[in-house]
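Next up, entry29.pdb (PDB, C-alpha atoms):
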```pdb
ATOM      1  CA  MET D   1      63.117 -32.325  33.782
ATOM      2  CA  LYS D   2      61.900 -31.419  30.278
ATOM      3  CA  LYS D   3      58.733 -29.834  31.718
ATOM      4  CA  SER D   4      60.746 -27.585  34.058
ATOM      5  CA  PHE D   5      63.032 -26.543  31.185
ATOM      6  CA  SER D   6      60.012 -25.540  29.036
ATOM      7  CA  LEU D   7      58.558 -23.399  31.810
ATOM      8  CA  LEU D   8      61.907 -21.665  32.379
ATOM      9  CA  PHE D   9      62.267 -21.037  28.626
ATOM     10  CA  PHE D  10      58.875 -19.260  28.264
ATOM     11  CA  LEU D  11      58.972 -17.398  31.597
ATOM     12  CA  PRO D  12      60.934 -14.319  30.317
ATOM     13  CA  PHE D  13      58.479 -13.831  27.412
ATOM     14  CA  LEU D  14      55.521 -14.064  29.789
ATOM     15  CA  LEU D  15      57.048 -11.464  32.108
ATOM     16  CA  LEU D  16      57.674  -9.085  29.192
ATOM     17  CA  ALA D  17      54.071  -9.389  28.043
ATOM     18  CA  ILE D  18      52.758  -8.616  31.544
ATOM     19  CA  ILE D  19      55.053  -5.589  31.914
ATOM     20  CA  TYR D  20      54.025  -4.225  28.494
ATOM     21  CA  PHE D  21      50.314  -4.643  29.281
ATOM     22  CA  VAL D  22      50.697  -2.840  32.644
ATOM     23  CA  ILE D  23      52.761   0.050  31.303
ATOM     24  CA  PHE D  24      50.984   0.518  27.934
ATOM     25  CA  PRO D  25      47.378  -0.635  28.519
ATOM     26  CA  ASN D  26      45.916   1.787  25.958
ATOM     27  CA  GLU D  27      47.934   0.296  23.129
ATOM     28  CA  PHE D  28      45.554  -2.677  23.010
ATOM     29  CA  ARG D  29      42.493  -0.441  23.006
ATOM     30  CA  LEU D  30      44.004   1.709  20.249
ATOM     31  CA  GLN D  31      44.762  -1.303  18.049
ATOM     32  CA  SER D  32      41.260  -2.627  18.611
ATOM     33  CA  SER D  33      39.621   0.689  17.681
ATOM     34  CA  LEU D  34      41.791   1.064  14.592
ATOM     35  CA  ALA D  35      40.819  -2.406  13.441
ATOM     36  CA  ALA D  36      37.151  -1.607  13.918
ATOM     37  CA  CYS D  37      37.467   1.610  11.922
ATOM     38  CA  GLY D  38      39.309  -0.132   9.129
ATOM     39  CA  ASP D  39      36.630  -2.794   8.776
ATOM     40  CA  SER D  40      33.674  -0.425   8.335
ATOM     41  CA  ALA D  41      33.059   2.104   5.576
ATOM     42  CA  PRO D  42      32.013   5.636   6.529
ATOM     43  CA  ALA D  43      28.263   6.030   6.952
ATOM     44  CA  THR D  44      26.427   7.860   4.200
ATOM     45  CA  ALA D  45      23.129   9.718   4.103
ATOM     46  CA  ALA D  46      21.650   6.821   2.142
ATOM     47  CA  ASP D  47      22.717   4.398   4.900
ATOM     48  CA  ALA D  48      21.025   6.578   7.499
ATOM     49  CA  VAL D  49      17.782   6.634   5.514
ATOM     50  CA  ALA D  50      17.886   2.872   4.970
ATOM     51  CA  LYS D  51      18.345   2.257   8.707
ATOM     52  CA  ALA D  52      15.630   4.728   9.781
ATOM     53  CA  ALA D  53      12.722   3.203  11.653
ATOM     54  CA  PRO D  54       9.831   2.338   9.301
ATOM     55  CA  ASP D  55       6.856   4.670   9.482
ATOM     56  CA  ILE D  56       4.502   2.539   7.388
ATOM     57  CA  ARG D  57       3.683  -1.179   7.249
ATOM     58  CA  VAL D  58       1.919  -2.760   4.271
ATOM     59  CA  LEU D  59       0.752  -6.315   3.657
ATOM     60  CA  LEU D  60       0.352  -7.212  -0.019
ATOM     61  CA  GLY D  61      -1.437 -10.495  -0.656
ATOM     62  CA  VAL D  62      -0.910 -12.045  -4.093
ATOM     63  CA  LEU D  63      -3.964 -14.201  -4.797
ATOM     64  CA  THR D  64      -2.864 -17.223  -6.807
ATOM     65  CA  ARG D  65      -3.397 -20.972  -7.122
ATOM     66  CA  ALA D  66      -1.377 -23.639  -5.370
ATOM     67  CA  ASP D  67      -0.368 -25.315  -8.651
ATOM     68  CA  LYS D  68       1.134 -22.156 -10.205
ATOM     69  CA  TYR D  69       4.689 -22.935  -9.109
ATOM     70  CA  GLU D  70       6.523 -21.295 -11.995
ATOM     71  CA  ARG D  71       4.616 -18.029 -11.723
ATOM     72  CA  ARG D  72       5.100 -17.929  -7.973
ATOM     73  CA  ALA D  73       8.856 -18.471  -8.358
ATOM     74  CA  LEU D  74       9.077 -15.646 -10.908
ATOM     75  CA  VAL D  75       7.036 -13.194  -8.822
ATOM     76  CA  ARG D  76       8.970 -14.065  -5.664
ATOM     77  CA  LEU D  77      12.267 -13.456  -7.460
ATOM     78  CA  ALA D  78      11.052 -10.175  -8.972
ATOM     79  CA  TYR D  79      10.131  -8.787  -5.552
ATOM     80  CA  ALA D  80      13.216 -10.173  -3.810
ATOM     81  CA  LEU D  81      15.508  -8.256  -6.194
ATOM     82  CA  GLN D  82      13.773  -4.917  -5.652
ATOM     83  CA  PRO D  83      15.580  -2.430  -3.394
ATOM     84  CA  ALA D  84      14.103  -2.416   0.093
ATOM     85  CA  PRO D  85      11.609   0.471   0.428
ATOM     86  CA  ALA D  86      12.965   3.332   2.520
ATOM     87  CA  ARG D  87      11.375   3.705   5.953
ATOM     88  CA  ALA D  88       8.755   1.108   5.113
ATOM     89  CA  VAL D  89       7.909  -2.525   5.679
ATOM     90  CA  VAL D  90       6.125  -4.110   2.719
ATOM     91  CA  HIS D  91       5.493  -7.833   3.080
ATOM     92  CA  VAL D  92       4.468  -9.763  -0.028
ATOM     93  CA  ARG D  93       2.572 -12.981   0.731
ATOM     94  CA  PHE D  94       1.069 -15.513  -1.686
ATOM     95  CA  VAL D  95      -2.522 -16.494  -0.902
ATOM     96  CA  VAL D  96      -3.991 -19.896  -1.827
ATOM     97  CA  CYS D  97      -6.943 -21.982  -0.690
ATOM     98  CA  ASN D  98      -6.811 -25.443   0.893
ATOM     99  CA  LEU D  99      -4.174 -27.786  -0.527
ATOM    100  CA  THR D 100      -6.419 -30.631  -1.700
ATOM    101  CA  ALA D 101      -4.081 -32.227  -4.256
ATOM    102  CA  GLU D 102      -1.416 -34.572  -2.916
ATOM    103  CA  GLU D 103       1.369 -32.946  -4.929
ATOM    104  CA  ASP D 104       0.358 -29.441  -3.808
ATOM    105  CA  ALA D 105       0.308 -30.456  -0.151
ATOM    106  CA  ALA D 106       3.867 -31.739  -0.484
ATOM    107  CA  LEU D 107       5.391 -29.138  -2.818
ATOM    108  CA  VAL D 108       3.704 -26.035  -1.407
ATOM    109  CA  GLY D 109       4.698 -27.346   2.002
ATOM    110  CA  LEU D 110       8.319 -27.254   0.849
ATOM    111  CA  GLU D 111       7.870 -23.669  -0.332
ATOM    112  CA  ILE D 112       6.431 -22.698   3.031
ATOM    113  CA  ALA D 113       9.376 -24.311   4.813
ATOM    114  CA  ALA D 114      11.869 -22.566   2.509
ATOM    115  CA  TYR D 115      10.330 -19.096   2.191
ATOM    116  CA  GLY D 116       7.563 -18.694   4.781
ATOM    117  CA  ASP D 117       5.611 -16.426   2.430
ATOM    118  CA  ILE D 118       2.429 -18.411   1.681
ATOM    119  CA  ILE D 119      -0.946 -18.007   3.405
ATOM    120  CA  VAL D 120      -3.228 -21.045   3.086
ATOM    121  CA  LEU D 121      -6.881 -20.070   3.575
ATOM    122  CA  ASP D 122      -9.684 -22.382   4.610
ATOM    123  CA  CYS D 123     -11.593 -22.258   1.322
ATOM    124  CA  THR D 124     -12.070 -24.047  -1.982
ATOM    125  CA  GLU D 125      -9.938 -22.496  -4.704
ATOM    126  CA  ASN D 126     -11.857 -19.849  -6.659
ATOM    127  CA  MET D 127     -11.501 -16.382  -8.132
ATOM    128  CA  ASP D 128     -14.967 -14.833  -7.928
ATOM    129  CA  ASN D 129     -16.715 -16.909  -5.285
ATOM    130  CA  GLY D 130     -15.511 -15.581  -1.960
ATOM    131  CA  LYS D 131     -11.722 -15.978  -1.878
ATOM    132  CA  THR D 132     -11.154 -12.235  -1.552
ATOM    133  CA  TYR D 133     -13.606 -12.096   1.338
ATOM    134  CA  THR D 134     -11.867 -15.036   3.038
ATOM    135  CA  TYR D 135      -8.491 -13.329   2.646
ATOM    136  CA  PHE D 136      -9.505  -9.932   4.031
ATOM    137  CA  SER D 137     -11.508 -11.480   6.855
ATOM    138  CA  ALA D 138      -8.569 -13.718   7.862
ATOM    139  CA  VAL D 139      -5.856 -11.035   7.896
ATOM    140  CA  PRO D 140      -6.904  -9.233  11.130
ATOM    141  CA  ARG D 141      -6.848 -12.543  13.000
ATOM    142  CA  LEU D 142      -3.604 -13.812  11.454
ATOM    143  CA  PHE D 143      -1.694 -10.605  12.177
ATOM    144  CA  ALA D 144      -3.497  -9.355  15.278
ATOM    145  CA  GLY D 145      -0.239  -9.297  17.242
ATOM    146  CA  GLU D 146       1.498  -7.011  14.743
ATOM    147  CA  PRO D 147      -1.098  -5.236  12.605
ATOM    148  CA  TYR D 148      -0.286  -3.439   9.388
ATOM    149  CA  ASP D 149      -1.266   0.095   8.433
ATOM    150  CA  TYR D 150      -2.595  -1.098   5.079
ATOM    151  CA  VAL D 151      -3.718  -4.401   3.596
ATOM    152  CA  GLY D 152      -3.569  -4.967  -0.156
ATOM    153  CA  LYS D 153      -4.827  -7.578  -2.576
ATOM    154  CA  THR D 154      -3.300  -8.160  -6.007
ATOM    155  CA  ASP D 155      -3.038 -10.776  -8.760
ATOM    156  CA  ASP D 156      -0.069 -12.869  -9.851
ATOM    157  CA  ASP D 157       0.076 -11.045 -13.201
ATOM    158  CA  THR D 158       0.631  -7.669 -11.511
ATOM    159  CA  TYR D 159       4.032  -6.219 -10.668
ATOM    160  CA  TYR D 160       4.167  -3.616  -7.916
ATOM    161  CA  ARG D 161       7.115  -1.342  -7.350
ATOM    162  CA  LEU D 162       7.095  -1.631  -3.580
ATOM    163  CA  GLY D 163       8.963   1.591  -2.825
ATOM    164  CA  ALA D 164       6.603   3.572  -5.038
ATOM    165  CA  LEU D 165       3.606   1.953  -3.338
ATOM    166  CA  ALA D 166       4.912   2.791   0.133
ATOM    167  CA  ASP D 167       5.644   6.385  -0.884
ATOM    168  CA  ALA D 168       2.178   6.753  -2.416
ATOM    169  CA  LEU D 169       0.511   5.538   0.783
ATOM    170  CA  ARG D 170       2.742   7.308   3.299
ATOM    171  CA  ASP D 171       0.798  10.577   3.372
ATOM    172  CA  LYS D 172      -2.636   8.960   3.092
ATOM    173  CA  PRO D 173      -5.028   8.571   6.028
ATOM    174  CA  ARG D 174      -4.499   5.451   8.121
ATOM    175  CA  ARG D 175      -8.257   5.001   8.498
ATOM    176  CA  ASP D 176     -11.076   4.496   6.014
ATOM    177  CA  ALA D 177      -8.661   4.485   3.048
ATOM    178  CA  TYR D 178      -9.272   2.804  -0.328
ATOM    179  CA  TYR D 179      -6.422   3.052  -2.872
ATOM    180  CA  GLY D 180      -6.004   1.630  -6.382
ATOM    181  CA  PHE D 181      -7.020   2.047 -10.011
ATOM    182  CA  LEU D 182     -10.568   3.384 -10.297
ATOM    183  CA  THR D 183     -12.699   1.586 -12.868
ATOM    184  CA  PRO D 184     -14.641   1.920 -15.131
ATOM    185  CA  CYS D 185     -12.782   4.908 -16.498
ATOM    186  CA  HIS D 186     -14.672   8.197 -16.545
ATOM    187  CA  ALA D 187     -17.727   6.623 -14.903
ATOM    188  CA  ASP D 188     -19.866   8.120 -12.167
ATOM    189  CA  PRO D 189     -17.691   7.995  -9.007
ATOM    190  CA  ARG D 190     -20.676   6.574  -7.134
ATOM    191  CA  THR D 191     -20.425   3.402  -9.222
ATOM    192  CA  GLN D 192     -16.641   3.104  -9.534
ATOM    193  CA  TYR D 193     -14.491   0.603  -7.659
ATOM    194  CA  MET D 194     -10.825  -0.337  -7.570
ATOM    195  CA  SER D 195      -9.695  -2.713 -10.293
ATOM    196  CA  GLY D 196      -8.800  -6.220  -9.150
ATOM    197  CA  MET D 197      -5.284  -5.768 -10.550
ATOM    198  CA  GLY D 198      -4.504  -4.509  -7.059
ATOM    199  CA  TYR D 199      -6.049  -2.373  -4.356
ATOM    200  CA  VAL D 200      -5.181  -1.404  -0.801
ATOM    201  CA  VAL D 201      -7.322  -0.526   2.208
ATOM    202  CA  SER D 202      -6.409   0.707   5.657
ATOM    203  CA  TRP D 203      -6.288  -1.864   8.459
ATOM    204  CA  ASP D 204      -9.619  -0.755   9.948
ATOM    205  CA  VAL D 205     -11.403  -1.550   6.674
ATOM    206  CA  ALA D 206     -10.000  -5.093   6.673
ATOM    207  CA  ALA D 207     -11.078  -5.422  10.312
ATOM    208  CA  TRP D 208     -14.579  -4.278   9.327
ATOM    209  CA  VAL D 209     -14.752  -6.940   6.589
ATOM    210  CA  ALA D 210     -13.775  -9.576   9.149
ATOM    211  CA  ALA D 211     -16.405  -8.342  11.615
ATOM    212  CA  THR D 212     -19.291  -8.127   9.115
ATOM    213  CA  PRO D 213     -20.836 -11.578   8.501
ATOM    214  CA  GLU D 214     -23.550 -10.065   6.287
ATOM    215  CA  LEU D 215     -20.959  -9.821   3.511
ATOM    216  CA  GLN D 216     -21.053 -13.616   3.197
ATOM    217  CA  ASN D 217     -24.422 -13.196   1.480
ATOM    218  CA  ASP D 218     -22.775 -11.291  -1.379
ATOM    219  CA  LEU D 219     -19.815 -13.346  -2.569
ATOM    220  CA  LYS D 220     -20.604 -14.379  -6.146
ATOM    221  CA  GLY D 221     -19.410 -12.186  -8.972
ATOM    222  CA  PRO D 222     -16.347 -10.128  -9.958
ATOM    223  CA  GLU D 223     -14.449  -9.803  -6.696
ATOM    224  CA  ASP D 224     -13.258  -6.242  -7.248
ATOM    225  CA  LYS D 225     -16.743  -4.978  -8.078
ATOM    226  CA  LEU D 226     -18.177  -6.792  -5.053
ATOM    227  CA  PHE D 227     -15.545  -5.297  -2.764
ATOM    228  CA  GLY D 228     -16.470  -1.786  -3.899
ATOM    229  CA  ARG D 229     -20.144  -2.595  -3.336
ATOM    230  CA  TRP D 230     -19.433  -3.822   0.209
ATOM    231  CA  LEU D 231     -17.686  -0.565   1.062
ATOM    232  CA  ARG D 232     -20.521   1.568  -0.295
ATOM    233  CA  TRP D 233     -23.078  -0.497   1.608
ATOM    234  CA  GLY D 234     -21.135  -0.239   4.853
ATOM    235  CA  GLY D 235     -20.067   3.365   4.445
ATOM    236  CA  ARG D 236     -16.405   2.347   4.545
ATOM    237  CA  GLY D 237     -13.363   3.293   2.485
ATOM    238  CA  ARG D 238     -14.610   6.855   2.085
ATOM    239  CA  ASN D 239     -11.086   8.203   1.598
ATOM    240  CA  VAL D 240     -10.787   7.146  -2.039
ATOM    241  CA  PHE D 241      -7.486   7.570  -3.885
ATOM    242  CA  GLY D 242      -7.230   6.715  -7.570
ATOM    243  CA  ALA D 243      -3.677   5.857  -8.664
ATOM    244  CA  GLU D 244      -4.194   6.195 -12.409
ATOM    245  CA  PRO D 245      -2.144   6.660 -14.579
ATOM    246  CA  ARG D 246       0.527   5.140 -12.286
ATOM    247  CA  MET D 247      -1.398   1.856 -12.222
ATOM    248  CA  TYR D 248      -2.328   0.404 -15.599
ATOM    249  CA  ASP D 249      -2.436  -2.592 -17.932
ATOM    250  CA  TYR D 250       0.704  -3.523 -19.855
ATOM    251  CA  LEU D 251       1.176  -2.343 -23.428
ATOM    252  CA  ASP D 252       4.084  -2.588 -25.850
ATOM    253  CA  GLY D 253       4.589  -1.864 -29.532
ATOM    254  CA  GLY D 254       4.130  -5.480 -30.554
ATOM    255  CA  MET D 255       0.546  -5.721 -29.331
ATOM    256  CA  ARG D 256      -2.426  -5.242 -31.595
ATOM    257  CA  HIS D 257      -4.241  -3.183 -28.956
ATOM    258  CA  GLY D 258      -3.629   0.528 -28.604
ATOM    259  CA  PRO D 259      -3.495   2.780 -25.555
ATOM    260  CA  THR D 260      -6.660   3.458 -23.561
ATOM    261  CA  CYS D 261      -7.530   5.086 -20.257
ATOM    262  CA  PHE D 262      -6.423   1.894 -18.483
ATOM    263  CA  ARG D 263      -3.658   0.600 -20.792
ATOM    264  CA  HIS D 264      -0.472   2.356 -21.892
ATOM    265  CA  LEU D 265       3.270   2.010 -22.301
ATOM    266  CA  LEU D 266       5.508   1.479 -19.293
ATOM    267  CA  GLN D 267       6.412   4.691 -17.457
ATOM    268  CA  ALA D 268       9.081   5.571 -14.908
ATOM    269  CA  ASP D 269       6.781   6.575 -12.030
ATOM    270  CA  THR D 270       4.775   3.344 -12.117
ATOM    271  CA  VAL D 271       3.207   1.988  -8.944
ATOM    272  CA  ALA D 272       1.865  -1.211 -10.540
ATOM    273  CA  VAL D 273       1.564  -2.731 -14.007
ATOM    274  CA  HIS D 274      -1.008  -5.433 -14.772
ATOM    275  CA  LYS D 275      -1.671  -8.085 -17.414
ATOM    276  CA  LEU D 276       1.816  -9.608 -17.351
ATOM    277  CA  LYS D 277       0.397 -12.853 -18.676
ATOM    278  CA  ASP D 278       3.606 -14.437 -19.969
ATOM    279  CA  ASN D 279       7.325 -14.502 -19.222
ATOM    280  CA  LEU D 280       8.203 -12.178 -22.114
ATOM    281  CA  LYS D 281       6.022  -9.398 -20.668
ATOM    282  CA  TRP D 282       7.606  -9.942 -17.259
ATOM    283  CA  ALA D 283      11.097  -9.824 -18.804
ATOM    284  CA  ARG D 284      10.402  -6.581 -20.692
ATOM    285  CA  THR D 285       8.874  -5.001 -17.599
ATOM    286  CA  LEU D 286      11.784  -5.970 -15.355
ATOM    287  CA  ASN D 287      14.257  -4.723 -17.958
ATOM    288  CA  PHE D 288      12.423  -1.403 -18.190
ATOM    289  CA  PHE D 289      12.729  -0.851 -14.449
ATOM    290  CA  ASN D 290      16.388  -2.005 -14.460
ATOM    291  CA  ALA D 291      15.586  -4.934 -12.186
ATOM    292  CA  THR D 292      18.077  -7.047 -14.134
ATOM    293  CA  GLU D 293      20.934  -4.543 -13.765
ATOM    294  CA  GLY D 294      23.603  -4.154 -11.114
ATOM    295  CA  HIS D 295      23.646  -7.693  -9.782
ATOM    296  CA  LYS D 296      26.865  -9.603  -9.244
ATOM    297  CA  ALA D 297      27.897 -11.533 -12.352
ATOM    298  CA  SER D 298      28.289 -15.266 -12.023
ATOM    299  CA  PRO D 299      31.517 -16.908 -13.228
ATOM    300  CA  LEU D 300      29.340 -19.827 -14.341
ATOM    301  CA  PHE D 301      27.488 -17.662 -16.873
ATOM    302  CA  HIS D 302      29.230 -17.893 -20.257
ATOM    303  CA  VAL D 303      28.671 -14.991 -22.611
ATOM    304  CA  ASP D 304      30.226 -14.779 -26.091
ATOM    305  CA  HIS D 305      31.738 -11.395 -26.956
TER     306      HIS D 305
END
```
Using the file provided, produce a representation of the structure as structure tokens.
Amino acid sequence: MKKSFSLLFFLPFLLLAIIYFVIFPNEFRLQSSLAACGDSAPATAADAVAKAAPDIRVLLGVLTRADKYERRALVRLAYALQPAPARAVVHVRFVVCNLTAEEDAALVGLEIAAYGDIIVLDCTENMDNGKTYTYFSAVPRLFAGEPYDYVGKTDDDTYYRLGALADALRDKPRRDAYYGFLTPCHADPRTQYMSGMGYVVSWDVAAWVAATPELQNDLKGPEDKLFGRWLRWGGRGRNVFGAEPRMYDYLDGGMRHGPTCFRHLLQADTVAVHKLKDNLKWARTLNFFNATEGHKASPLFHVDH
């Protein structure tokens, strides 16, 4: 009896709803479209640029050691807070050799699980005994399914402005390219090479390194100088682009050294700044480029006024 009474009570409301839906079907569509419009802000030109399909892809490998956790955390944070480059994909990956220490195997493994931004090469950790060769020769195999236009190598004391790098490379040839800071300054171009602070080559040059086993006979010595020698020997990287003075070593007023052809004060159009050997230099650099500005304030951060 109670069940029948409930059905009779709600029946008039159900009939009204059906009649309204049949007679005014567009009302529901109108309300839905109004809600959608109210939830989204009008598109801007900047939004359109940000959503445009990328026309350049760059891989930037930061050569570091497995045990440099603090530096890796700082560099990762510095790049994560940069604005995404317009119409470009720039992937920053940390590059280490085999994880032989028990703590590194565990802790770097956690980083890989959390961030997925570490490449572990099959090599013994070194700086000037073949690690650069191992990196460039591994990249074409690791990313064969989705190759990049350019492959870069840099150090963990270098800070790239990724948008500036992408813009600098965008109009460069996609073959036989070699981009960076030419050193030694003012030397014969036939003997110059790109400083190890950071240099970029087109994908075909990395593929050539991987396909040229003879290079394994020339692995000992300053890696940047060796890389330049390989290219001269193989007739590769003939499209040479020096980025100075937009790439340089760090300098501030508190240092005893003065400006040189490779070292000067921070400047607005920087592509990369090198020799950030301590946290203070990183902090001053990030402040200069406003990397610490415009982020949401935390209510947990107490500041005395």
message: Quick one: residues within 6 Å of Val58 of chain D, only C-alpha atoms, excluding same-chain residues fewer than 3 positions away - as a list in words?
response: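 Here the qualifying residues turn out to be Val90, Tyr148, Asp149, Tyr150 and Val151 of chain D.
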task: Starting from the point (-3.2, -3.2, -0.6), work out which residues of protein, DNA or RNA have an atom no more than 9 Å away when counting only C-alpha atoms; state them as a ChimeraX atom specification.
output: /D:58-61,150-154,165,178-180,198-202
task: Could you give me, as a list in words, the residues within 7 Å of Asp176 of chain D, counting all atoms listed in the file and dropping anything in the same chain fewer than 3 positions from it?
output: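 My reading of the contact set: Ser202, Asp204, Val205, Arg236, Gly237, Arg238 and Asn239 of chain D.
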message: So that I can see what lies close to Gly116 of chain D, please list as a list of chain:residue names the residues with an atom at most 10 Å from it, counting only C-alpha atoms and leaving out residues fewer than 5 positions away in the same chain.
response: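 Answer for this query is D:Arg93, D:Phe94, D:Gly109, D:Leu110, D:Glu111.
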task: Would you please work out which residue, of D:Pro245, D:Pro213, D:Pro299, D:Pro173, is nearest to Cys185 of chain D when using only C-alpha atoms?
output: D:Pro245
query: For Thr191 of chain D, which residue among D:Tyr133, D:Trp208, D:Trp203, D:Phe227 is the nearest when counting only C-alpha atoms?
result: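 Under the stated criterion, the closest residue is D:Phe227.
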message: Assuming the chain letters and numbering stay as they are in my file, what does the PyMOL selection byres ((chain D and resi 121-124) around 10) actually select? List them as JSON, numbers by chain.
response: {"D": [95, 96, 97, 98, 99, 100, 118, 119, 120, 125, 126, 127, 129, 130, 131, 134, 135, 138]}
message: Set the distance at 8 Å and use all atoms listed in the file: which residues neighbour Arg170 of chain D once local chain neighbours fewer than 4 positions away are removed? I'd like the list as a VMD selection string.
response: chain D and resid 55 to 56 166
message: Taking 3 positions as the minimum chain separation for residues in the same chain, which residues sit within 7 Å of Leu81 of chain D when counting all atoms listed in the file? Answer as a ChimeraX atom specification.
response: /D:77-78,291
field: From D:Leu251, D:Ala207, D:Leu300, D:Ala73, residue lying nearest Ser137 of chain D [all atoms listed in the file]
entry: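 Closest to Ser137 of chain D of all the choices is D:Ala207.
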message: Here's the selection I'm unsure about, the PyMOL selection byres ((chain D and resi 271-280) around 7); applied to the file above, which residues does it give, as a PyMOL selection string?
response: chain D and resi 157-161+164-165+197+246-250+269-270+281-284
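Between atom CA of Arg57 of chain D and atom CA of Glu146 of chain D lies a distance of 9.7 Å.
Counting all atoms listed in the file, the residue from D:Pro259, D:Gly253, D:Pro140, D:Gly242 that sits nearest to Ala210 of chain D is D:Pro140.
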